[in-house]
>>> print(open('final31.csv').read())   # CSV, C-alpha atoms
chain,number,residue,atom,x,y,z
P,51,MET,CA,-19.9,12.6,27.7
P,52,TYR,CA,-16.2,12.1,28.5
P,53,ASN,CA,-14.3,11.1,25.4
P,54,PRO,CA,-10.5,11.6,25.2
P,55,PHE,CA,-10.6,10.3,21.7
P,56,SER,CA,-12.8,13.0,20.3
P,57,LEU,CA,-11.7,14.9,17.3
P,58,LYS,CA,-14.1,17.8,17.8
P,59,ASN,CA,-12.9,21.2,16.6
P,60,LYS,CA,-9.9,19.5,14.8
P,61,THR,CA,-9.3,20.0,11.1
P,62,ILE,CA,-7.7,16.9,9.5
P,63,LEU,CA,-6.2,16.3,6.1
P,64,VAL,CA,-6.4,12.8,4.8
P,65,THR,CA,-4.7,11.7,1.5
P,66,GLY,CA,-5.8,8.7,-0.4
P,67,ALA,CA,-9.3,9.2,0.9
P,68,SER,CA,-11.1,7.9,-2.1
P,69,SER,CA,-10.7,4.2,-1.2
P,70,GLY,CA,-9.6,1.5,1.2
P,71,ILE,CA,-7.9,2.5,4.5
P,72,GLY,CA,-7.9,6.3,3.6
P,73,ARG,CA,-11.6,6.3,3.0
P,74,ALA,CA,-12.3,4.5,6.3
P,75,ILE,CA,-10.0,7.0,8.2
P,76,ALA,CA,-11.9,10.0,6.7
P,77,LEU,CA,-15.3,8.5,7.6
P,78,GLU,CA,-14.2,7.6,11.2
P,79,CYS,CA,-12.6,11.0,11.8
P,80,ALA,CA,-15.8,12.7,10.7
P,81,LYS,CA,-17.8,10.5,13.0
P,82,MET,CA,-15.5,11.6,15.8
P,83,GLY,CA,-16.3,15.2,15.1
P,84,ALA,CA,-13.5,16.4,12.9
P,85,ARG,CA,-13.7,18.7,10.0
P,86,LEU,CA,-12.1,16.9,7.0
P,87,ILE,CA,-10.0,18.0,4.1
P,88,ILE,CA,-9.9,14.9,1.8
P,89,THR,CA,-7.8,14.4,-1.3
P,90,ALA,CA,-7.2,11.7,-3.9
P,91,ARG,CA,-6.7,11.4,-7.7
P,92,ASN,CA,-10.1,10.0,-8.7
P,93,LYS,CA,-12.9,12.6,-8.6
P,94,GLN,CA,-15.8,10.2,-8.8
P,95,ARG,CA,-14.6,8.0,-5.9
P,96,LEU,CA,-13.6,11.0,-3.8
P,97,ASP,CA,-17.1,12.4,-4.4
P,98,ASP,CA,-18.4,9.2,-2.9
P,99,THR,CA,-16.3,9.5,0.2
P,100,PHE,CA,-17.2,13.2,0.5
P,101,ALA,CA,-20.9,12.5,0.3
P,102,ALA,CA,-20.5,9.8,3.1
P,103,LEU,CA,-18.8,12.1,5.6
P,104,GLU,CA,-20.8,12.9,8.7
P,105,GLY,CA,-21.1,16.5,9.8
P,106,SER,CA,-20.4,19.6,7.8
P,107,GLY,CA,-17.7,22.0,6.8
P,108,HIS,CA,-15.7,19.4,5.0
P,109,GLN,CA,-13.6,20.1,1.9
P,110,GLN,CA,-12.4,17.9,-1.0
P,111,ILE,CA,-9.4,18.6,-3.2
P,112,ILE,CA,-8.5,16.5,-6.3
P,113,ALA,CA,-4.8,16.1,-6.6
P,114,ASP,CA,-2.3,13.6,-8.0
P,115,LEU,CA,0.3,13.8,-5.2
P,116,ALA,CA,3.0,12.2,-7.5
P,117,GLN,CA,3.0,15.6,-9.3
P,118,LYS,CA,5.0,18.4,-7.6
P,119,GLU,CA,2.6,21.1,-8.8
P,120,ALA,CA,-0.4,19.3,-7.4
P,121,LEU,CA,1.3,19.0,-4.0
P,122,GLU,CA,2.0,22.7,-4.0
P,123,GLY,CA,-1.5,23.5,-5.0
P,124,LEU,CA,-2.9,21.2,-2.3
P,125,VAL,CA,-0.8,23.0,0.4
P,126,LEU,CA,-1.9,26.4,-0.8
P,127,GLN,CA,-5.6,25.4,-0.6
P,128,CYS,CA,-5.3,23.8,2.9
P,129,PRO,CA,-6.5,25.7,5.9
P,130,GLU,CA,-4.5,25.4,9.2
P,131,LEU,CA,-4.5,21.7,10.3
P,132,ASP,CA,-4.6,19.9,13.6
P,133,GLY,CA,-3.9,16.5,11.9
P,134,VAL,CA,-2.5,15.1,8.7
P,135,VAL,CA,-2.9,11.4,7.7
P,136,HIS,CA,-0.8,10.1,4.8
P,137,SER,CA,-2.7,7.2,3.5
P,138,ALA,CA,-2.3,7.4,-0.3
P,139,GLY,CA,-0.3,4.4,-1.5
P,140,ILE,CA,0.1,1.8,-4.2
P,141,ALA,CA,1.3,-1.8,-4.2
P,142,LYS,CA,3.6,-3.6,-6.6
P,143,LEU,CA,4.5,-7.2,-6.7
P,144,ILE,CA,7.8,-7.8,-8.5
P,145,LEU,CA,10.7,-10.2,-8.0
P,146,VAL,CA,14.1,-8.6,-7.5
P,147,GLN,CA,15.6,-9.9,-10.8
P,148,PHE,CA,12.9,-8.0,-12.7
P,149,ILE,CA,13.1,-4.6,-11.0
P,150,LYS,CA,13.7,-1.7,-13.3
P,151,GLN,CA,14.5,1.9,-12.4
P,152,ALA,CA,11.0,2.9,-13.6
P,153,ASP,CA,9.4,0.5,-11.1
P,154,ILE,CA,11.4,2.0,-8.3
P,155,GLU,CA,10.5,5.5,-9.3
P,156,GLU,CA,6.8,4.8,-9.7
P,157,ILE,CA,6.2,3.2,-6.3
P,158,PHE,CA,8.5,5.6,-4.4
P,159,ALA,CA,6.8,8.6,-6.0
P,160,THR,CA,3.5,7.8,-4.4
P,161,ASN,CA,4.4,5.9,-1.2
P,162,THR,CA,7.5,7.8,-0.1
P,163,PHE,CA,8.4,10.9,-2.0
P,164,ALA,CA,4.9,12.4,-1.9
P,165,PRO,CA,4.2,12.1,1.8
P,166,ILE,CA,7.7,13.4,2.6
P,167,VAL,CA,7.4,16.4,0.3
P,168,LEU,CA,3.9,17.1,1.4
P,169,THR,CA,4.9,17.1,5.1
P,170,SER,CA,7.9,19.4,4.3
P,171,LEU,CA,5.7,21.9,2.5
P,172,LEU,CA,3.0,21.9,5.2
P,173,VAL,CA,5.6,22.6,7.9
P,174,LYS,CA,7.3,25.3,5.8
P,175,LYS,CA,4.0,27.0,5.1
P,176,LYS,CA,3.1,26.7,8.8
P,177,LYS,CA,-0.1,24.8,8.1
P,178,ILE,CA,0.2,22.4,11.0
P,179,ARG,CA,-0.8,24.0,14.3
P,180,THR,CA,1.0,23.5,17.7
P,181,GLY,CA,-0.4,20.4,19.2
P,182,GLY,CA,-1.0,18.9,15.8
P,183,SER,CA,-0.5,15.3,14.9
P,184,VAL,CA,1.0,13.7,11.7
P,185,VAL,CA,0.2,10.1,11.0
P,186,PHE,CA,1.8,8.0,8.2
P,187,ILE,CA,0.2,4.8,7.2
P,188,SER,CA,3.3,2.7,6.9
P,189,ALA,CA,2.9,-1.1,7.0
P,190,ALA,CA,3.9,-4.3,8.8
P,191,SER,CA,5.7,-5.0,5.5
P,192,GLY,CA,9.1,-3.3,5.4
P,193,VAL,CA,9.3,-2.9,9.1
P,194,TYR,CA,8.5,-6.2,10.8
P,195,MET,CA,8.3,-8.6,7.8
P,196,SER,CA,7.9,-8.9,4.1
P,197,SER,CA,6.6,-11.3,1.5
P,198,VAL,CA,7.8,-12.7,-1.8
P,199,GLY,CA,7.7,-10.0,-4.5
P,200,GLU,CA,7.1,-7.2,-2.0
P,201,SER,CA,10.7,-5.9,-1.7
P,202,LEU,CA,10.0,-2.5,-3.4
P,203,TYR,CA,6.7,-2.0,-1.4
P,204,SER,CA,8.6,-2.9,1.8
P,205,ALA,CA,11.4,-0.5,0.9
P,206,THR,CA,8.9,2.4,0.5
P,207,LYS,CA,7.2,1.7,3.8
P,208,GLY,CA,10.5,1.1,5.7
P,209,ALA,CA,11.7,4.5,4.4
P,210,ILE,CA,8.6,6.2,5.9
P,211,HIS,CA,9.3,4.4,9.2
P,212,GLY,CA,12.7,5.9,9.4
P,213,PHE,CA,11.6,9.3,8.2
P,214,THR,CA,9.0,9.4,11.0
P,215,LYS,CA,11.7,8.9,13.7
P,216,GLY,CA,13.7,11.8,12.3
P,217,ILE,CA,10.9,14.3,11.9
P,218,ALA,CA,9.4,13.5,15.2
P,219,LEU,CA,12.6,15.1,16.6
P,220,ASP,CA,12.5,18.0,14.1
P,221,LEU,CA,8.9,18.8,14.9
P,222,ALA,CA,8.9,18.2,18.7
P,223,PRO,CA,10.0,21.8,19.5
P,224,LYS,CA,6.9,23.0,17.5
P,225,GLY,CA,4.7,20.8,19.6
P,226,ILE,CA,3.8,18.6,16.6
P,227,ARG,CA,3.7,14.8,17.1
P,228,VAL,CA,4.6,12.3,14.3
P,229,ASN,CA,3.8,8.6,14.4
P,230,THR,CA,3.1,5.7,12.0
P,231,VAL,CA,0.4,3.1,11.9
P,232,ASN,CA,1.7,-0.3,10.7
P,233,PRO,CA,-1.1,-2.4,9.3
P,234,GLY,CA,-1.0,-6.1,8.4
P,235,LEU,CA,-2.9,-7.2,5.4
P,236,VAL,CA,-6.2,-5.3,4.9
P,237,PRO,CA,-7.9,-6.6,1.8
P,238,THR,CA,-8.9,-3.5,-0.2
P,239,GLU,CA,-8.6,-2.3,-3.8
P,240,ILE,CA,-4.9,-2.3,-3.3
P,241,LEU,CA,-5.0,-6.1,-3.6
P,242,ASP,CA,-6.4,-6.0,-7.1
P,243,ILE,CA,-2.8,-6.4,-8.1
P,244,ALA,CA,-2.9,-9.9,-6.5
P,245,ASP,CA,-5.9,-10.7,-8.6
P,246,ASP,CA,-3.9,-10.0,-11.7
P,247,LEU,CA,-0.9,-12.1,-10.8
P,248,PHE,CA,-2.3,-15.0,-8.7
P,249,SER,CA,-5.9,-15.4,-7.6
P,250,ARG,CA,-7.1,-13.2,-4.7
P,251,GLU,CA,-8.5,-16.3,-3.1
P,252,GLU,CA,-5.2,-18.1,-3.3
P,253,VAL,CA,-3.3,-15.2,-1.8
P,254,LEU,CA,-5.8,-14.8,1.0
P,255,GLU,CA,-5.9,-18.5,1.8
P,256,ARG,CA,-2.1,-18.7,1.9
P,257,ARG,CA,-1.7,-15.6,4.1
P,258,LYS,CA,-4.5,-16.3,6.6
P,259,LYS,CA,-2.5,-18.9,8.6
P,260,GLN,CA,0.0,-16.1,9.5
P,261,TYR,CA,-2.7,-14.2,11.5
P,262,PRO,CA,-3.1,-15.5,15.1
P,263,LEU,CA,-6.4,-13.5,15.4
P,264,LYS,CA,-7.7,-15.5,12.5
P,265,ARG,CA,-8.7,-12.8,10.2
P,266,PHE,CA,-7.3,-10.0,8.0
P,267,GLY,CA,-7.7,-6.4,8.9
P,268,LYS,CA,-10.6,-4.2,8.2
P,269,PRO,CA,-10.1,-0.6,7.1
P,270,GLU,CA,-11.9,0.4,10.4
P,271,ASP,CA,-9.3,-1.4,12.5
P,272,ILE,CA,-6.6,0.9,11.0
P,273,ALA,CA,-8.9,3.9,11.3
P,274,ALA,CA,-9.4,3.4,15.0
P,275,GLY,CA,-5.6,3.4,15.7
P,276,THR,CA,-5.3,6.5,13.5
P,277,VAL,CA,-8.1,8.3,15.5
P,278,TYR,CA,-6.1,7.6,18.7
P,279,LEU,CA,-2.9,9.1,17.3
P,280,LEU,CA,-4.8,12.2,16.1
P,281,SER,CA,-6.7,12.7,19.3
P,282,ASP,CA,-5.6,14.3,22.6
P,283,ALA,CA,-5.5,10.8,24.1
P,284,SER,CA,-2.0,10.5,22.6
P,285,THR,CA,-0.5,13.8,23.5
P,286,TRP,CA,2.6,12.2,24.9
P,287,VAL,CA,3.1,9.9,21.9
P,288,THR,CA,5.6,10.7,19.2
P,289,GLY,CA,8.0,8.8,17.0
P,290,SER,CA,6.2,5.6,17.7
P,291,ALA,CA,4.9,2.9,15.4
P,292,LEU,CA,1.4,1.4,16.2
P,293,ILE,CA,1.3,-2.1,14.9
P,294,ILE,CA,-2.3,-3.2,14.0
P,295,ASP,CA,-1.8,-6.6,12.4
P,296,GLY,CA,-3.9,-9.3,14.2
P,297,GLY,CA,-0.6,-10.6,15.6
P,298,LEU,CA,1.2,-11.1,12.3
P,299,GLN,CA,4.5,-9.8,13.6
P,300,LEU,CA,4.5,-12.5,16.3
P,301,GLY,CA,5.6,-14.9,13.5
P,302,ALA,CA,3.2,-17.6,14.3
P,303,ILE,CA,2.6,-20.3,11.7
A,21,MET,CA,10.0,-16.1,-30.3
A,22,GLU,CA,10.1,-19.8,-31.3
A,23,ILE,CA,8.7,-22.3,-28.8
A,24,THR,CA,12.2,-23.9,-28.2
A,25,GLN,CA,13.4,-20.5,-27.0
A,26,PHE,CA,10.3,-20.0,-24.9
A,27,ILE,CA,10.8,-23.3,-23.2
A,28,GLU,CA,14.4,-22.3,-22.5
A,29,LYS,CA,13.3,-19.1,-20.9
A,30,PHE,CA,10.5,-20.8,-19.0
A,31,ALA,CA,13.0,-23.4,-17.6
A,32,GLU,CA,15.3,-20.6,-16.4
A,33,GLN,CA,12.6,-19.5,-13.9
A,34,PHE,CA,13.2,-22.8,-12.0
A,35,GLU,CA,16.1,-23.4,-9.7
A,36,GLU,CA,16.1,-27.2,-9.1
A,37,THR,CA,14.1,-28.9,-11.8
A,38,PRO,CA,16.5,-30.2,-14.4
A,39,ARG,CA,16.4,-28.6,-17.8
A,40,SER,CA,15.8,-32.0,-19.5
A,41,ILE,CA,12.4,-32.2,-17.8
A,42,PHE,CA,11.0,-29.3,-19.9
A,43,ALA,CA,9.3,-29.9,-23.2
A,44,ALA,CA,6.4,-28.5,-25.1
A,45,THR,CA,4.1,-31.1,-23.6
A,46,THR,CA,5.2,-30.7,-19.9
A,47,ASP,CA,2.3,-30.3,-17.5
A,48,PHE,CA,4.2,-27.5,-15.6
A,49,LYS,CA,1.8,-27.0,-12.7
A,50,SER,CA,2.4,-30.7,-11.7
A,51,LEU,CA,6.1,-30.0,-11.2
A,52,ASP,CA,7.2,-30.2,-7.5
A,53,GLU,CA,8.9,-26.8,-7.8
A,54,TRP,CA,5.9,-25.0,-9.3
A,55,ASP,CA,4.5,-22.5,-6.8
A,56,SER,CA,3.3,-18.9,-6.7
A,57,LEU,CA,6.9,-17.6,-6.8
A,58,VAL,CA,7.7,-19.4,-10.0
A,59,SER,CA,4.4,-18.3,-11.4
A,60,LEU,CA,5.3,-14.7,-10.6
A,61,SER,CA,8.7,-15.2,-12.3
A,62,VAL,CA,7.0,-16.6,-15.4
A,63,ILE,CA,4.7,-13.6,-15.6
A,64,SER,CA,7.6,-11.2,-15.3
A,65,MET,CA,9.7,-13.2,-17.8
A,66,VAL,CA,6.9,-12.9,-20.5
A,67,ASP,CA,6.7,-9.2,-19.8
A,68,GLU,CA,10.4,-8.7,-20.1
A,69,GLU,CA,11.2,-11.0,-23.0
A,70,LEU,CA,8.0,-10.4,-25.1
A,71,GLY,CA,6.5,-7.2,-23.8
A,72,LYS,CA,3.2,-9.0,-23.1
A,73,ARG,CA,1.1,-9.0,-20.0
A,74,ILE,CA,-0.3,-12.2,-18.8
A,75,THR,CA,-2.3,-12.8,-15.6
A,76,GLY,CA,-2.5,-15.6,-13.0
A,77,ALA,CA,-5.8,-16.6,-14.5
A,78,ASP,CA,-4.1,-17.0,-17.9
A,79,ILE,CA,-1.5,-19.4,-16.3
A,80,ARG,CA,-4.2,-21.3,-14.5
A,81,SER,CA,-6.0,-21.8,-17.8
A,82,CYS,CA,-3.0,-23.6,-19.3
A,83,THR,CA,-1.9,-27.2,-18.8
A,84,THR,CA,1.3,-27.6,-20.9
A,85,ILE,CA,4.1,-25.1,-21.7
A,86,GLU,CA,2.9,-25.2,-25.3
A,87,ASP,CA,-0.6,-24.1,-24.2
A,88,LEU,CA,1.0,-21.1,-22.4
A,89,TYR,CA,3.3,-20.4,-25.5
A,90,ASN,CA,0.2,-20.3,-27.7
A,91,LEU,CA,-1.7,-18.1,-25.3
A,92,VAL,CA,1.2,-15.7,-25.0
A,93,MET,CA,1.8,-15.5,-28.8
A,94,SER,CA,-1.9,-14.9,-29.4
A,95,LYS,CA,-1.8,-11.7,-27.2
>>> encode(input="final31.csv", output="structure tokens")
Amino acid sequence: MYNPFSLKNKTILVTGASSGIGRAIALECAKMGARLIITARNKQRLDDTFAALEGSGHQQIIADLAQKEALEGLVLQCPELDGVVHSAGIAKLILVQFIKQADIEEIFATNTFAPIVLTSLLVKKKKIRTGGSVVFISAASGVYMSSVGESLYSATKGAIHGFTKGIALDLAPKGIRVNTVNPGLVPTEILDIADDLFSREEVLERRKKQYPLKRFGKPEDIAAGTVYLLSDASTWVTGSALIIDGGLQLGAI
Amino acid sequence: MEITQFIEKFAEQFEETPRSIFAATTDFKSLDEWDSLVSLSVISMVDEELGKRITGADIRSCTTIEDLYNLVMSK
């Protein structure tokens, strides 16, 4: 059957694959025929994702990407790749007057520094094949909008947005494409932080009005856009940002 | 921290509500200015000033500033 979105015969690395959006991306890529290399910090949850992957030949690597040695180890263990999806991320809600250097370092380590260093090492070690595709899971937050207490999170995602533009140019001569997916709110484990500070129900109720399509995102919504950017259907797409946000950026109230 | 100092710090998280409004018995969630942003400020203030972590649920369980003070000091 004709399917330009197929990922058959492609080997794809997905970070943050143990939960939320990363997990959905790994599962969808496997369904589309890819061979997956999945990584995350939590062994038990990564095992769960691994067991749920369709097809065979997949590989899982436990790594804390905030640690330089773990990044280097991951790159050494990786086979040659056709796709890389940077989905590992953390959230932090903090008002500007309470921001400390340690807060900045913590969130940037995972959301910004790790994906940048990982990409640099993969390119240096020639692990990404010609025709390959790199996808960063950025966000609507930090590029098109933000919310109270989200300034640091926005800063990490905005940085990735800018980085993508630059390396799309650096890697074009190698035939490697680089794009971002920019999701609106997808209620996953990352929202546990909102439970802590407000109540999850209160946050969701307040935010829902901002979404013209009248619902929040599902991890599969984000995975579908990611599959497109990894597939040969997007061979002429680089340096772009794919907004998947139910219309959030339209600014409707 | 004494309760008078706590009330002082609590009041600092508000921009418009006059300082004179705040007392141990103030039902803070009924104040016009009370919202999720002030709530987040209070949580951060408790962390910064007292090194204690409270949650949104803790705040919801309190009615007066004194309730919150007692809850924080019991942690």
>>> residues_around(input="final31.csv", residues="A:Trp54", least_positions_apart="3", cutoff="12 Å", atoms="only C-alpha atoms", output="list in words")
Phe30, Ala31, Gln33, Phe34, Glu35, Glu36, Thr37, Asp47, Phe48, Lys49, Ser50, Leu51, Leu57, Val58, Ser59, Leu60, Ser61, Val62, Ile79 and Arg80 of chain A
>>> closest_residue(input="final31.csv", among="A:Ser81, A:Ile27, A:Ile74, A:Asn90", to="chain P", atoms="all atoms listed in the file")
A:Ile74
>>> closest_residue(input="final31.csv", among="A:Glu28, A:Thr46, A:Val92, A:Arg39", to="A:Leu70", atoms="only C-alpha atoms")
A:Val92
>>> closest_residue(input="final31.csv", among="A:Ser56, A:Tyr89, A:Glu69, A:Ser94", to="chain P", atoms="all atoms listed in the file")
A:Ser56
>>> closest_residue(input="final31.csv", among="A:Gly71, A:Ile63, A:Leu91, A:Thr84", to="chain P", atoms="only C-alpha atoms")
A:Ile63
>>> closest_residue(input="final31.csv", among="P:Gly199, P:Gly192, P:Gly133, P:Gly83", to="chain A", atoms="only C-alpha atoms")
P:Gly199
>>> residues_around(input="final31.csv", residues="P:Gly66", least_positions_apart="6", cutoff="6 Å", atoms="all atoms listed in the file", output="VMD selection string")
chain P and resid 72 90 137 to 138
>>> write_last_selection(input="final31.csv", atoms="C-alpha atoms", output="CSV table (one decimal), keeping the file's coordinate frame")
chain,number,residue,atom,x,y,z
P,72,GLY,CA,-7.9,6.3,3.6
P,90,ALA,CA,-7.2,11.7,-3.9
P,137,SER,CA,-2.7,7.2,3.5
P,138,ALA,CA,-2.3,7.4,-0.3
>>> atom_distance(input="final31.csv", atom1="atom CA of P:Val64", atom2="atom CA of P:Phe163")
16.4 Å
>>> atom_distance(input="final31.csv", atom1="atom CA of P:Ile144", atom2="atom CA of P:Tyr194")
19.4 Å
>>> residues_around(input="final31.csv", residues="P:His136", least_positions_apart="5", cutoff="10 Å", atoms="only C-alpha atoms", output="number ranges by chain")
P: 63-67, 72, 161-162, 164-166, 168-169, 184-188, 230
>>> write_last_selection(input="final31.csv", atoms="C-alpha atoms", output="compact mmCIF listing (two decimals), in the coordinates of the input")
# COMPACT_ATOMS: atom_id res chain seq x y z
CA LEU P 63 -6.20 16.30 6.10
CA VAL P 64 -6.40 12.80 4.80
CA THR P 65 -4.70 11.70 1.50
CA GLY P 66 -5.80 8.70 -0.40
CA ALA P 67 -9.30 9.20 0.90
CA GLY P 72 -7.90 6.30 3.60
CA ASN P 161 4.40 5.90 -1.20
CA THR P 162 7.50 7.80 -0.10
CA ALA P 164 4.90 12.40 -1.90
CA PRO P 165 4.20 12.10 1.80
CA ILE P 166 7.70 13.40 2.60
CA LEU P 168 3.90 17.10 1.40
CA THR P 169 4.90 17.10 5.10
CA VAL P 184 1.00 13.70 11.70
CA VAL P 185 0.20 10.10 11.00
CA PHE P 186 1.80 8.00 8.20
CA ILE P 187 0.20 4.80 7.20
CA SER P 188 3.30 2.70 6.90
CA THR P 230 3.10 5.70 12.00
>>> closest_residue(input="final31.csv", among="P:Thr285, P:Ser183, P:Gln147, P:Ser191", to="chain A", atoms="only C-alpha atoms")
P:Gln147
>>> atom_distance(input="final31.csv", atom1="atom CA of P:Glu104", atom2="atom CA of P:Gly182")
21.9 Å
>>> residues_around(input="final31.csv", residues="P:Leu131", least_positions_apart="3", cutoff="12 Å", atoms="only C-alpha atoms", output="PyMOL selection string")
chain P and resi 59-64+84-87+125+127-128+134-135+169+172-173+175-184+226+280
>>> residues_around(input="final31.csv", residues="P:Ala113", least_positions_apart="6", cutoff="9 Å", atoms="all atoms listed in the file", output="PyMOL selection string")
chain P and resi 89-92+120-121+123-124
>>> interface_residues(input="final31.csv", of="chain P", to="chain A", cutoff="12 Å", atoms="only C-alpha atoms", output="MDAnalysis selection string")
chainID P and resid 142:150 197:200 242:253 256
